[in-house]
>>> print(open('data_18.csv').read())   # CSV, C-alpha atoms and all ligand atoms
chain,number,residue,atom,x,y,z
U,1202,MET,CA,-17.9,12.0,15.1
U,1203,ARG,CA,-14.3,12.7,14.3
U,1204,HIS,CA,-11.8,10.1,13.0
U,1205,LEU,CA,-9.1,10.1,15.7
U,1206,LEU,CA,-6.7,8.3,13.4
U,1207,ASP,CA,-6.7,11.4,11.1
U,1208,MET,CA,-5.2,13.5,13.9
U,1209,THR,CA,-1.5,14.1,14.4
U,1210,PRO,CA,-0.4,13.5,18.0
U,1211,ALA,CA,0.2,17.3,18.3
U,1212,ALA,CA,-3.4,18.0,17.3
U,1213,LEU,CA,-4.7,15.4,19.7
U,1214,LYS,CA,-2.6,16.9,22.5
U,1215,ALA,CA,-3.9,20.4,21.7
U,1216,GLU,CA,-7.5,19.1,21.9
U,1217,LEU,CA,-6.9,17.3,25.1
U,1218,THR,CA,-5.5,20.5,26.6
U,1219,GLU,CA,-8.7,22.3,25.5
U,1220,LEU,CA,-10.7,19.7,27.3
U,1221,GLY,CA,-8.7,20.6,30.5
U,1222,GLU,CA,-6.6,17.4,30.3
U,1223,LYS,CA,-2.8,16.8,30.6
U,1224,ARG,CA,-1.0,16.4,27.3
U,1225,PHE,CA,0.4,12.9,28.3
U,1226,ARG,CA,-3.2,11.6,28.0
U,1227,ALA,CA,-2.6,11.6,24.2
U,1228,LYS,CA,0.2,9.1,24.6
U,1229,GLN,CA,-2.0,6.9,26.8
U,1230,ILE,CA,-4.8,6.9,24.2
U,1231,LEU,CA,-2.4,6.1,21.4
U,1232,GLU,CA,-0.9,3.3,23.5
U,1233,TRP,CA,-4.4,1.7,23.9
U,1234,ILE,CA,-5.0,1.9,20.2
U,1235,TRP,CA,-1.7,0.9,18.8
U,1236,ARG,CA,-0.1,-1.3,21.5
U,1237,LYS,CA,-3.1,-3.0,23.1
U,1238,GLY,CA,-5.5,-2.9,20.1
U,1239,THR,CA,-8.3,-1.3,22.2
U,1240,VAL,CA,-10.4,1.0,20.1
U,1241,ASP,CA,-13.3,1.4,22.6
U,1242,PHE,CA,-12.6,4.6,24.7
U,1243,LYS,CA,-14.8,3.2,27.5
U,1244,ALA,CA,-12.3,0.4,28.0
U,1245,MET,CA,-9.3,2.8,28.4
U,1246,THR,CA,-9.2,2.3,32.1
U,1247,ASN,CA,-6.3,4.6,33.0
U,1248,LEU,CA,-8.3,7.6,31.8
U,1249,SER,CA,-11.0,9.2,34.0
U,1250,LYS,CA,-14.5,8.1,33.4
U,1251,ALA,CA,-15.4,11.7,32.4
U,1252,LEU,CA,-12.7,11.8,29.8
U,1253,ARG,CA,-13.6,8.4,28.5
U,1254,ASP,CA,-17.2,9.6,28.0
U,1255,LYS,CA,-16.1,12.8,26.3
U,1256,LEU,CA,-13.9,10.9,23.9
U,1257,ALA,CA,-16.5,8.4,23.1
U,1258,TRP,CA,-19.0,11.2,22.4
U,1259,GLN,CA,-16.7,13.1,20.1
U,1260,TYR,CA,-14.3,10.6,18.4
U,1261,THR,CA,-14.2,7.2,16.8
U,1262,VAL,CA,-11.1,5.1,16.2
U,1263,LEU,CA,-12.4,2.7,13.6
U,1264,THR,CA,-14.9,4.0,11.0
U,1265,ALA,CA,-15.1,1.2,8.6
U,1266,SER,CA,-17.1,-2.0,8.9
U,1267,VAL,CA,-15.9,-5.4,7.5
U,1268,ALA,CA,-18.2,-6.0,4.6
U,1269,ALA,CA,-16.5,-9.3,3.6
U,1270,GLU,CA,-13.6,-11.4,4.8
U,1271,ALA,CA,-11.8,-14.1,2.9
U,1272,ARG,CA,-9.0,-16.4,4.1
U,1273,SER,CA,-7.0,-18.4,1.5
U,1274,ALA,CA,-5.6,-21.9,2.0
U,1275,ASP,CA,-2.1,-20.3,2.1
U,1276,ASP,CA,-3.1,-18.1,5.1
U,1277,VAL,CA,-3.7,-14.8,3.3
U,1278,THR,CA,-6.5,-12.8,4.8
U,1279,LYS,CA,-8.4,-10.2,2.7
U,1280,LEU,CA,-10.9,-7.8,4.1
U,1281,LEU,CA,-13.4,-5.7,2.2
U,1282,LEU,CA,-13.8,-2.6,4.3
U,1283,GLU,CA,-16.7,-0.2,3.9
U,1284,TYR,CA,-16.4,3.4,5.1
U,1285,PRO,CA,-19.4,5.3,6.4
U,1286,ASP,CA,-19.9,7.0,3.0
U,1287,GLY,CA,-20.3,3.6,1.3
U,1288,GLY,CA,-16.8,3.6,-0.2
U,1289,GLN,CA,-15.2,0.2,-0.2
U,1290,VAL,CA,-11.6,-0.8,-0.3
U,1291,GLU,CA,-9.7,-4.0,0.0
U,1292,THR,CA,-6.9,-4.6,2.5
U,1293,VAL,CA,-4.8,-7.8,2.7
U,1294,LEU,CA,-2.6,-9.5,5.3
U,1295,ILE,CA,0.1,-11.7,4.0
U,1296,PRO,CA,2.1,-13.7,6.6
U,1297,ASP,CA,5.4,-15.1,5.6
U,1298,GLY,CA,7.3,-16.6,8.6
U,1299,ASP,CA,8.2,-13.7,10.9
U,1300,ARG,CA,7.2,-11.2,8.3
U,1301,VAL,CA,3.5,-10.1,8.4
U,1302,THR,CA,2.8,-7.7,5.5
U,1303,ALA,CA,-0.3,-5.5,5.3
U,1304,CYS,CA,-1.2,-4.4,1.7
U,1305,VAL,CA,-3.2,-1.2,2.0
U,1306,SER,CA,-5.3,0.8,-0.3
U,1307,THR,CA,-5.0,4.6,-0.7
U,1308,GLN,CA,-8.1,5.5,-2.8
U,1309,VAL,CA,-11.6,4.1,-3.3
U,1310,GLY,CA,-11.2,3.0,-7.0
U,1311,CYS,CA,-8.5,4.5,-9.0
U,1312,ALA,CA,-8.2,7.1,-11.8
U,1313,MET,CA,-5.1,5.5,-13.5
U,1314,ALA,CA,-7.2,3.0,-15.6
U,1315,CYS,CA,-4.4,0.5,-16.2
U,1316,ALA,CA,-5.8,-1.9,-18.8
U,1317,PHE,CA,-5.1,-5.1,-16.8
U,1318,CYS,CA,-6.1,-3.9,-13.4
U,1319,ALA,CA,-9.4,-4.5,-11.7
U,1320,SER,CA,-9.1,-1.5,-9.4
U,1321,GLY,CA,-9.5,1.2,-12.1
U,1322,LEU,CA,-12.5,-0.3,-13.9
U,1323,ASP,CA,-15.0,2.0,-12.3
U,1324,GLY,CA,-12.7,5.1,-12.1
U,1325,LEU,CA,-11.9,7.0,-8.9
U,1326,GLY,CA,-14.4,7.2,-6.1
U,1327,ARG,CA,-12.4,9.3,-3.6
U,1328,ASN,CA,-9.1,9.8,-1.9
U,1329,LEU,CA,-8.8,8.0,1.5
U,1330,THR,CA,-7.7,10.1,4.4
U,1331,SER,CA,-4.5,9.1,6.3
U,1332,GLY,CA,-6.8,7.7,9.1
U,1333,ASP,CA,-8.7,5.6,6.5
U,1334,ILE,CA,-5.3,4.2,5.4
U,1335,VAL,CA,-3.8,3.4,8.7
U,1336,GLU,CA,-7.1,2.0,10.0
U,1337,GLN,CA,-6.7,-0.8,7.5
U,1338,VAL,CA,-3.6,-2.0,9.5
U,1339,LEU,CA,-5.6,-1.9,12.8
U,1340,GLN,CA,-8.5,-3.7,11.2
U,1341,LEU,CA,-6.3,-6.5,9.9
U,1342,GLN,CA,-4.6,-6.9,13.3
U,1343,ARG,CA,-8.0,-7.1,15.0
U,1344,GLN,CA,-9.4,-9.6,12.6
U,1345,THR,CA,-6.4,-11.9,12.6
U,1346,GLY,CA,-4.8,-11.3,16.0
U,1347,ARG,CA,-1.4,-10.9,14.3
U,1348,ALA,CA,1.0,-8.0,14.5
U,1349,VAL,CA,1.8,-6.3,11.2
U,1350,THR,CA,5.6,-5.9,10.6
U,1351,ASN,CA,5.6,-4.5,7.1
U,1352,VAL,CA,3.3,-2.4,5.0
U,1353,VAL,CA,3.1,-2.1,1.3
U,1354,PHE,CA,1.0,0.6,-0.4
U,1355,MET,CA,0.0,-1.8,-3.2
U,1356,GLY,CA,-3.8,-2.0,-2.7
U,1357,THR,CA,-6.4,-0.1,-4.7
U,1358,GLY,CA,-5.5,3.4,-5.8
U,1359,GLU,CA,-2.4,5.5,-6.7
U,1360,PRO,CA,-0.6,6.5,-3.5
U,1361,LEU,CA,1.2,9.4,-5.1
U,1362,ALA,CA,-2.0,10.8,-6.5
U,1363,ASN,CA,-3.1,11.1,-2.9
U,1364,TYR,CA,0.2,12.4,-1.8
U,1365,ASP,CA,-0.5,14.2,1.5
U,1366,ALA,CA,-2.6,11.4,3.0
U,1367,THR,CA,-0.1,8.8,1.9
U,1368,ILE,CA,2.8,10.7,3.6
U,1369,ALA,CA,0.7,11.3,6.7
U,1370,ALA,CA,-0.1,7.6,6.8
U,1371,VAL,CA,3.6,6.6,6.5
U,1372,ARG,CA,4.4,9.1,9.3
U,1373,ALA,CA,1.7,7.5,11.5
U,1374,LEU,CA,3.0,4.0,10.8
U,1375,THR,CA,6.6,5.0,11.6
U,1376,ASP,CA,5.8,7.2,14.6
U,1377,LYS,CA,7.1,5.6,17.8
U,1378,ASP,CA,3.9,6.2,19.7
U,1379,ARG,CA,1.7,4.9,16.8
U,1380,GLY,CA,2.7,2.2,14.3
U,1381,ALA,CA,6.3,2.1,15.5
U,1382,LEU,CA,7.5,0.5,12.3
U,1383,SER,CA,10.8,1.2,10.7
U,1384,ALA,CA,10.4,3.1,7.5
U,1385,ARG,CA,12.5,0.4,5.9
U,1386,ARG,CA,9.6,-1.9,6.3
U,1387,ILE,CA,7.3,0.3,4.2
U,1388,THR,CA,7.0,0.2,0.4
U,1389,VAL,CA,5.1,2.8,-1.6
U,1390,SER,CA,4.2,1.6,-5.1
U,1391,THR,CA,3.4,4.0,-7.9
U,1392,VAL,CA,2.5,4.0,-11.6
U,1393,GLY,CA,5.4,6.4,-11.9
U,1394,LEU,CA,4.5,10.1,-11.3
U,1395,PRO,CA,8.0,11.8,-11.7
U,1396,GLU,CA,7.2,15.0,-9.8
U,1397,ALA,CA,5.7,13.2,-6.9
U,1398,ILE,CA,8.6,10.7,-6.8
U,1399,ARG,CA,11.0,13.6,-6.5
U,1400,ARG,CA,8.9,15.1,-3.7
U,1401,LEU,CA,9.0,11.7,-1.9
U,1402,ALA,CA,12.8,11.6,-2.3
U,1403,VAL,CA,13.2,14.7,-0.1
U,1404,GLU,CA,10.7,13.7,2.6
U,1405,ASP,CA,13.5,12.2,4.8
U,1406,LEU,CA,11.6,8.9,5.0
U,1407,PRO,CA,13.8,5.8,4.2
U,1408,ILE,CA,10.9,3.9,2.6
U,1409,THR,CA,11.2,1.7,-0.4
U,1410,LEU,CA,9.9,3.1,-3.7
U,1411,ALA,CA,8.3,0.6,-6.1
U,1412,VAL,CA,7.7,1.8,-9.7
U,1413,SER,CA,5.3,-0.2,-11.9
U,1414,LEU,CA,6.8,-0.4,-15.4
U,1415,HIS,CA,5.1,-3.4,-17.0
U,1416,ALA,CA,6.7,-2.5,-20.4
U,1417,PRO,CA,10.1,-1.7,-21.7
U,1418,ASP,CA,9.0,1.1,-24.1
U,1419,ASP,CA,6.5,3.9,-24.2
U,1420,THR,CA,4.4,2.5,-27.0
U,1421,LEU,CA,3.6,-0.7,-25.2
U,1422,ARG,CA,3.5,1.0,-21.9
U,1423,ALA,CA,0.9,3.5,-23.1
U,1424,GLU,CA,-1.3,0.6,-24.3
U,1425,LEU,CA,-1.3,-0.9,-20.8
U,1426,MET,CA,-1.0,2.3,-18.7
U,1427,PRO,CA,-2.7,5.5,-19.9
U,1428,VAL,CA,-0.5,7.5,-17.5
U,1429,ALA,CA,2.5,6.7,-19.8
U,1430,ALA,CA,1.2,9.2,-22.3
U,1431,ARG,CA,1.8,11.9,-19.7
U,1432,SER,CA,5.0,10.6,-18.2
U,1433,PRO,CA,7.4,8.9,-20.6
U,1434,LEU,CA,9.6,6.1,-19.3
U,1435,ALA,CA,12.7,8.2,-19.6
U,1436,GLU,CA,11.2,10.7,-17.1
U,1437,VAL,CA,10.0,8.0,-14.8
U,1438,LEU,CA,13.4,6.4,-14.7
U,1439,ALA,CA,15.2,9.7,-14.3
U,1440,ALA,CA,13.0,10.4,-11.2
U,1441,ALA,CA,13.7,6.9,-9.9
U,1442,ARG,CA,17.4,7.6,-10.3
U,1443,ASP,CA,17.0,10.9,-8.4
U,1444,PHE,CA,15.2,9.0,-5.6
U,1445,TYR,CA,18.2,6.6,-5.4
U,1446,ALA,CA,20.6,9.5,-5.4
U,1447,ALA,CA,18.8,11.3,-2.5
U,1448,ARG,CA,17.9,8.2,-0.4
U,1449,HIS,CA,20.4,5.5,-1.4
U,1450,ARG,CA,17.6,3.1,-1.3
U,1451,GLU,CA,17.4,0.6,-4.2
U,1452,VAL,CA,14.2,1.1,-6.2
U,1453,THR,CA,11.9,-1.8,-6.9
U,1454,ILE,CA,10.7,-2.1,-10.5
U,1455,GLU,CA,7.4,-4.0,-10.8
U,1456,TYR,CA,6.7,-5.8,-13.9
U,1457,ALA,CA,3.5,-7.9,-14.2
U,1458,LEU,CA,4.0,-10.6,-16.9
U,1459,LEU,CA,1.1,-10.7,-19.3
U,1460,ALA,CA,1.1,-13.7,-21.7
U,1461,GLY,CA,1.9,-12.7,-25.2
U,1462,VAL,CA,1.9,-9.0,-24.4
U,1463,ASN,CA,5.1,-8.1,-22.5
U,1464,ASP,CA,6.8,-11.5,-21.8
U,1465,SER,CA,8.9,-11.9,-24.9
U,1466,ASP,CA,12.7,-12.4,-24.9
U,1467,ASP,CA,13.0,-9.0,-26.6
U,1468,CYS,CA,11.0,-7.3,-23.8
U,1469,ALA,CA,13.2,-9.0,-21.2
U,1470,ASP,CA,16.4,-7.8,-22.9
U,1471,ARG,CA,15.1,-4.2,-23.3
U,1472,LEU,CA,13.8,-4.2,-19.7
U,1473,GLY,CA,17.2,-5.6,-18.7
U,1474,SER,CA,19.1,-2.7,-20.3
U,1475,LEU,CA,16.8,-0.1,-18.7
U,1476,ALA,CA,17.1,-1.7,-15.3
U,1477,ALA,CA,20.9,-2.1,-15.5
U,1478,ARG,CA,21.2,1.7,-15.6
U,1479,LEU,CA,19.3,2.1,-12.3
U,1480,ARG,CA,20.1,0.7,-8.8
U,1481,CYS,CA,17.1,-1.5,-8.6
U,1482,ASN,CA,15.5,-4.9,-8.0
U,1483,VAL,CA,13.0,-6.1,-10.6
U,1484,ASN,CA,10.0,-7.9,-9.1
U,1485,LEU,CA,8.3,-10.0,-11.7
U,1486,ILE,CA,4.6,-10.5,-10.9
U,1487,ARG,CA,2.7,-13.4,-12.4
U,1488,TYR,CA,-0.4,-11.6,-13.7
U,1489,ASN,CA,-3.6,-12.5,-11.7
U,1490,PRO,CA,-6.3,-13.0,-14.3
U,1491,THR,CA,-9.3,-10.7,-13.8
U,1492,ALA,CA,-12.8,-11.6,-15.0
U,1493,GLY,CA,-13.7,-9.5,-18.0
U,1494,LEU,CA,-10.1,-8.4,-18.9
U,1495,PRO,CA,-8.4,-9.9,-21.9
U,1496,PHE,CA,-5.1,-10.8,-20.2
U,1497,ASP,CA,-3.6,-14.0,-18.9
U,1498,ARG,CA,-0.5,-15.1,-17.1
U,1499,PRO,CA,2.4,-16.7,-18.9
U,1500,ASP,CA,3.4,-20.3,-18.1
U,1501,GLU,CA,6.1,-21.0,-15.5
U,1502,GLN,CA,8.8,-21.7,-18.1
U,1503,THR,CA,8.3,-18.3,-19.7
U,1504,VAL,CA,8.4,-16.5,-16.3
U,1505,ARG,CA,11.7,-18.3,-15.4
U,1506,ARG,CA,13.2,-17.6,-18.8
U,1507,PHE,CA,12.3,-13.9,-18.5
U,1508,ALA,CA,13.9,-13.8,-15.1
U,1509,GLU,CA,17.0,-15.5,-16.3
U,1510,ARG,CA,17.5,-13.1,-19.2
U,1511,LEU,CA,17.4,-10.2,-16.7
U,1512,SER,CA,19.9,-11.9,-14.4
U,1513,ARG,CA,22.2,-12.5,-17.3
U,1514,ARG,CA,22.4,-8.8,-17.8
U,1515,GLY,CA,23.4,-8.4,-14.2
U,1516,VAL,CA,19.9,-7.3,-13.1
U,1517,ASN,CA,18.6,-8.5,-9.7
U,1518,ALA,CA,15.3,-10.2,-10.6
U,1519,ASN,CA,12.8,-11.9,-8.3
U,1520,ILE,CA,9.7,-13.8,-9.2
U,1521,ARG,CA,7.1,-12.7,-6.7
U,1522,ARG,CA,5.3,-15.6,-5.1
U,1523,SER,CA,1.7,-15.5,-5.9
U,1524,ARG,CA,-0.6,-16.1,-3.0
U,1525,GLY,CA,-4.2,-15.8,-2.0
U,1526,GLY,CA,-5.4,-16.8,-5.5
U,1527,ASP,CA,-8.2,-18.9,-4.2
U,1528,VAL,CA,-9.8,-15.9,-2.4
U,1529,GLN,CA,-9.3,-13.4,-5.2
U,1530,ALA,CA,-6.9,-11.7,-2.9
U,1531,ALA,CA,-5.3,-10.0,-5.9
U,1532,CYS,CA,-5.9,-6.6,-7.0
U,1533,GLY,CA,-9.4,-5.3,-6.5
U,1534,GLN,CA,-11.1,-8.6,-7.2
U,1535,LEU,CA,-13.0,-9.1,-4.0
U,1536,ARG,CA,-14.7,-5.8,-4.2
U,1537,ARG,CA,-15.9,-6.6,-7.7
U,1538,ARG,CA,-17.1,-10.0,-6.7
U,1539,GLU,CA,-19.1,-8.6,-3.8
U,1540,GLN,CA,-20.6,-6.0,-6.1
U,1541,GLY,CA,-21.7,-8.9,-8.4
U,1542,ASP,CA,-19.6,-7.9,-11.4
G,1,LIG,N1,-1.1,2.4,-8.1
G,1,LIG,C1,0.1,1.7,-7.6
G,1,LIG,C2,-0.3,0.5,-6.8
G,1,LIG,C3,-1.0,-0.5,-7.6
G,1,LIG,S1,-1.1,-2.2,-7.1
G,1,LIG,C4,0.9,1.2,-8.8
G,1,LIG,O1,0.5,1.3,-9.9
G,1,LIG,O2,2.1,0.8,-8.6
G,1,LIG,C5,0.5,-2.9,-7.1
G,1,LIG,C6,0.9,-3.6,-8.4
G,1,LIG,O3,0.0,-4.6,-8.8
G,1,LIG,C7,1.1,-2.6,-9.5
G,1,LIG,O4,2.3,-2.9,-10.1
G,1,LIG,C8,0.0,-3.0,-10.5
G,1,LIG,O5,0.2,-2.6,-11.8
G,1,LIG,C9,-0.1,-4.5,-10.2
G,1,LIG,N2,-1.3,-5.1,-10.7
G,1,LIG,C10,-2.6,-4.6,-10.8
G,1,LIG,N3,-3.4,-5.6,-11.2
G,1,LIG,C11,-2.7,-6.7,-11.3
G,1,LIG,C12,-3.1,-8.1,-11.6
G,1,LIG,N4,-4.3,-8.4,-11.9
G,1,LIG,N5,-2.1,-9.0,-11.6
G,1,LIG,C13,-0.8,-8.6,-11.2
G,1,LIG,N6,-0.4,-7.4,-10.9
G,1,LIG,C14,-1.4,-6.4,-10.9
>>> encode(input="data_18.csv", output="structure tokens")
Amino acid sequence: MRHLLDMTPAALKAELTELGEKRFRAKQILEWIWRKGTVDFKAMTNLSKALRDKLAWQYTVLTASVAAEARSADDVTKLLLEYPDGGQVETVLIPDGDRVTACVSTQVGCAMACAFCASGLDGLGRNLTSGDIVEQVLQLQRQTGRAVTNVVFMGTGEPLANYDATIAAVRALTDKDRGALSARRITVSTVGLPEAIRRLAVEDLPITLAVSLHAPDDTLRAELMPVAARSPLAEVLAAARDFYAARHREVTIEYALLAGVNDSDDCADRLGSLAARLRCNVNLIRYNPTAGLPFDRPDEQTVRRFAERLSRRGVNANIRRSRGGDVQAACGQLRRREQGD
């Protein structure tokens, strides 16, 4: 069985031609999948019975099963998907008025080993394919009956460490015959891999780049994010500036506030001076406490104070609304709960 979502439309057309079919059948098949949410070839009634049978024999649209589903009081749906090889990832749907955001994973586990993050606790399992990534959007739409309008690559894994699949997934989501989303509605979040950020800048995809800083200096950052030992802040920020120069899209800086670790006035001021030199928006994330990890979230007053100090330096700072807490919708936590950790 082949994963149809891993194929480009050109490859699908070529295979249909080999089966003696007209190329426009590809468009019909993609329409069933992406517009009508039909993943069963047998139900694709504008195709001949013979073609439907052939397709059902050779391809599958969805490969993962839903191993667990959780819905929070504030309407966040989280799915734990299991791929045929047993690899599990989380994917989350976050409705907010007209905006319906899917948060997708790019790897099973993660190699980055950030000290505060649940996703990296067991290391990297494997890279997801582009089909595995976009399938998450289709699965969320099926389970909730809602149409995804925005996609953030902020689930498990480091998107830019799985570069080709991430780009192919963005292209599928923005292709008019497939996801049909504007690239402006897509955000790719990274620990900050300078070389990959520069590659991304010349892809001709007007997506938003989000960079996880979490600390205003290399010493603290290296304690929280081992990747910082390889890529100093100065290099990460220089790459982010290059991204802005190439794309003219403001970069998002992510900063998870950890009580007593990176939430001091001094941290705010130093983050402020870094951020003031980059066209960016700072997203302050209230840390989601994770069982077994020695970090906590600061109180509301500290969070507001941190944001105000950034604003005073002319930095555009937002405090990200924290949702889905009652279903452990944050950050690799459902997978761990299901595994009994
Ligand atoms: N590998 C990418 C995507 C990770 S998830 C990256 O590092 O950007 C998206 C964001 O959530 C990252 O900024 C990550 O550091 C942060 N994060 C991870 N665990 C968290 C937690 N428990 N609470 C709050 N933010 C967390």
>>> residues_near_ligand(input="data_18.csv", ligand="ligand LIG 1 (chain G)", cutoff="7 Å", atoms="all atoms listed in the file", output="ChimeraX atom specification")
/U:1317-1319,1354-1360,1390-1392,1411-1413,1455-1457,1486-1491,1531-1532
>>> residues_around(input="data_18.csv", residues="U:Arg1521", least_positions_apart="2", cutoff="7 Å", atoms="only C-alpha atoms", output="PyMOL selection string")
chain U and resi 1484-1486+1519+1523
>>> atom_distance(input="data_18.csv", atom1="atom CA of U:Asn1247", atom2="atom CA of U:Ile1230")
9.2 Å
>>> residues_around(input="data_18.csv", residues="U:Glu1336", least_positions_apart="2", cutoff="9 Å", atoms="only C-alpha atoms", output="PDB file with C-alpha atoms, keeping the file's coordinate frame")
ATOM      1  CA  LEU U1206      -6.700   8.300  13.400  1.00  0.00           C
ATOM      2  CA  VAL U1262     -11.100   5.100  16.200  1.00  0.00           C
ATOM      3  CA  LEU U1263     -12.400   2.700  13.600  1.00  0.00           C
ATOM      4  CA  THR U1264     -14.900   4.000  11.000  1.00  0.00           C
ATOM      5  CA  ALA U1265     -15.100   1.200   8.600  1.00  0.00           C
ATOM      6  CA  SER U1331      -4.500   9.100   6.300  1.00  0.00           C
ATOM      7  CA  GLY U1332      -6.800   7.700   9.100  1.00  0.00           C
ATOM      8  CA  ASP U1333      -8.700   5.600   6.500  1.00  0.00           C
ATOM      9  CA  ILE U1334      -5.300   4.200   5.400  1.00  0.00           C
ATOM     10  CA  VAL U1338      -3.600  -2.000   9.500  1.00  0.00           C
ATOM     11  CA  LEU U1339      -5.600  -1.900  12.800  1.00  0.00           C
ATOM     12  CA  GLN U1340      -8.500  -3.700  11.200  1.00  0.00           C
ATOM     13  CA  LEU U1341      -6.300  -6.500   9.900  1.00  0.00           C
TER      14      LEU U1341
END
>>> closest_residue(input="data_18.csv", among="U:Met1426, U:Leu1401, U:Val1293, U:Leu1414", to="U:Arg1448", atoms="only C-alpha atoms")
U:Leu1401
>>> residues_near_point(input="data_18.csv", point="(-13.2, -2.0, 0.9)", cutoff="10 Å", atoms="all atoms listed in the file", output="CSV table (one decimal) with C-alpha atoms, keeping the file's coordinate frame")
chain,number,residue,atom,x,y,z
U,1265,ALA,CA,-15.1,1.2,8.6
U,1266,SER,CA,-17.1,-2.0,8.9
U,1267,VAL,CA,-15.9,-5.4,7.5
U,1268,ALA,CA,-18.2,-6.0,4.6
U,1269,ALA,CA,-16.5,-9.3,3.6
U,1279,LYS,CA,-8.4,-10.2,2.7
U,1280,LEU,CA,-10.9,-7.8,4.1
U,1281,LEU,CA,-13.4,-5.7,2.2
U,1282,LEU,CA,-13.8,-2.6,4.3
U,1283,GLU,CA,-16.7,-0.2,3.9
U,1284,TYR,CA,-16.4,3.4,5.1
U,1287,GLY,CA,-20.3,3.6,1.3
U,1288,GLY,CA,-16.8,3.6,-0.2
U,1289,GLN,CA,-15.2,0.2,-0.2
U,1290,VAL,CA,-11.6,-0.8,-0.3
U,1291,GLU,CA,-9.7,-4.0,0.0
U,1292,THR,CA,-6.9,-4.6,2.5
U,1306,SER,CA,-5.3,0.8,-0.3
U,1308,GLN,CA,-8.1,5.5,-2.8
U,1309,VAL,CA,-11.6,4.1,-3.3
U,1310,GLY,CA,-11.2,3.0,-7.0
U,1337,GLN,CA,-6.7,-0.8,7.5
U,1357,THR,CA,-6.4,-0.1,-4.7
U,1533,GLY,CA,-9.4,-5.3,-6.5
U,1535,LEU,CA,-13.0,-9.1,-4.0
U,1536,ARG,CA,-14.7,-5.8,-4.2
>>> build_atoms(input="data_18.csv", residues="stretch 1304-1308 of chain U", atoms="all heavy atoms", output="tab-separated table (two decimals), in the coordinates of the input")
chain	number	residue	atom	x	y	z
U	1304	CYS	N	-1.11	-5.10	3.04
U	1304	CYS	CA	-1.20	-4.40	1.70
U	1304	CYS	C	-2.37	-3.46	1.82
U	1304	CYS	O	-3.50	-3.91	1.95
U	1304	CYS	CB	-1.34	-5.44	0.63
U	1304	CYS	SG	-1.61	-4.71	-1.00
U	1305	VAL	N	-2.10	-2.16	1.79
U	1305	VAL	CA	-3.20	-1.20	2.00
U	1305	VAL	C	-3.55	-0.41	0.77
U	1305	VAL	O	-2.73	-0.21	-0.12
U	1305	VAL	CB	-2.81	-0.19	3.17
U	1305	VAL	CG1	-2.58	-0.93	4.49
U	1305	VAL	CG2	-1.59	0.66	2.81
U	1306	SER	N	-4.80	0.02	0.76
U	1306	SER	CA	-5.30	0.80	-0.30
U	1306	SER	C	-5.23	2.31	0.04
U	1306	SER	O	-5.26	2.67	1.23
U	1306	SER	CB	-6.80	0.49	-0.59
U	1306	SER	OG	-6.93	-0.84	-1.04
U	1307	THR	N	-5.13	3.17	-0.97
U	1307	THR	CA	-5.00	4.60	-0.70
U	1307	THR	C	-6.18	5.41	-1.31
U	1307	THR	O	-6.32	6.59	-1.02
U	1307	THR	CB	-3.71	5.18	-1.25
U	1307	THR	OG1	-3.59	4.80	-2.63
U	1307	THR	CG2	-2.51	4.64	-0.48
U	1308	GLN	N	-6.96	4.77	-2.16
U	1308	GLN	CA	-8.10	5.50	-2.80
U	1308	GLN	C	-9.26	4.45	-2.92
U	1308	GLN	O	-9.02	3.25	-3.02
U	1308	GLN	CB	-7.74	5.99	-4.17
U	1308	GLN	CG	-6.64	7.06	-4.15
U	1308	GLN	CD	-6.27	7.55	-5.54
U	1308	GLN	OE1	-6.08	6.75	-6.46
U	1308	GLN	NE2	-6.16	8.86	-5.69
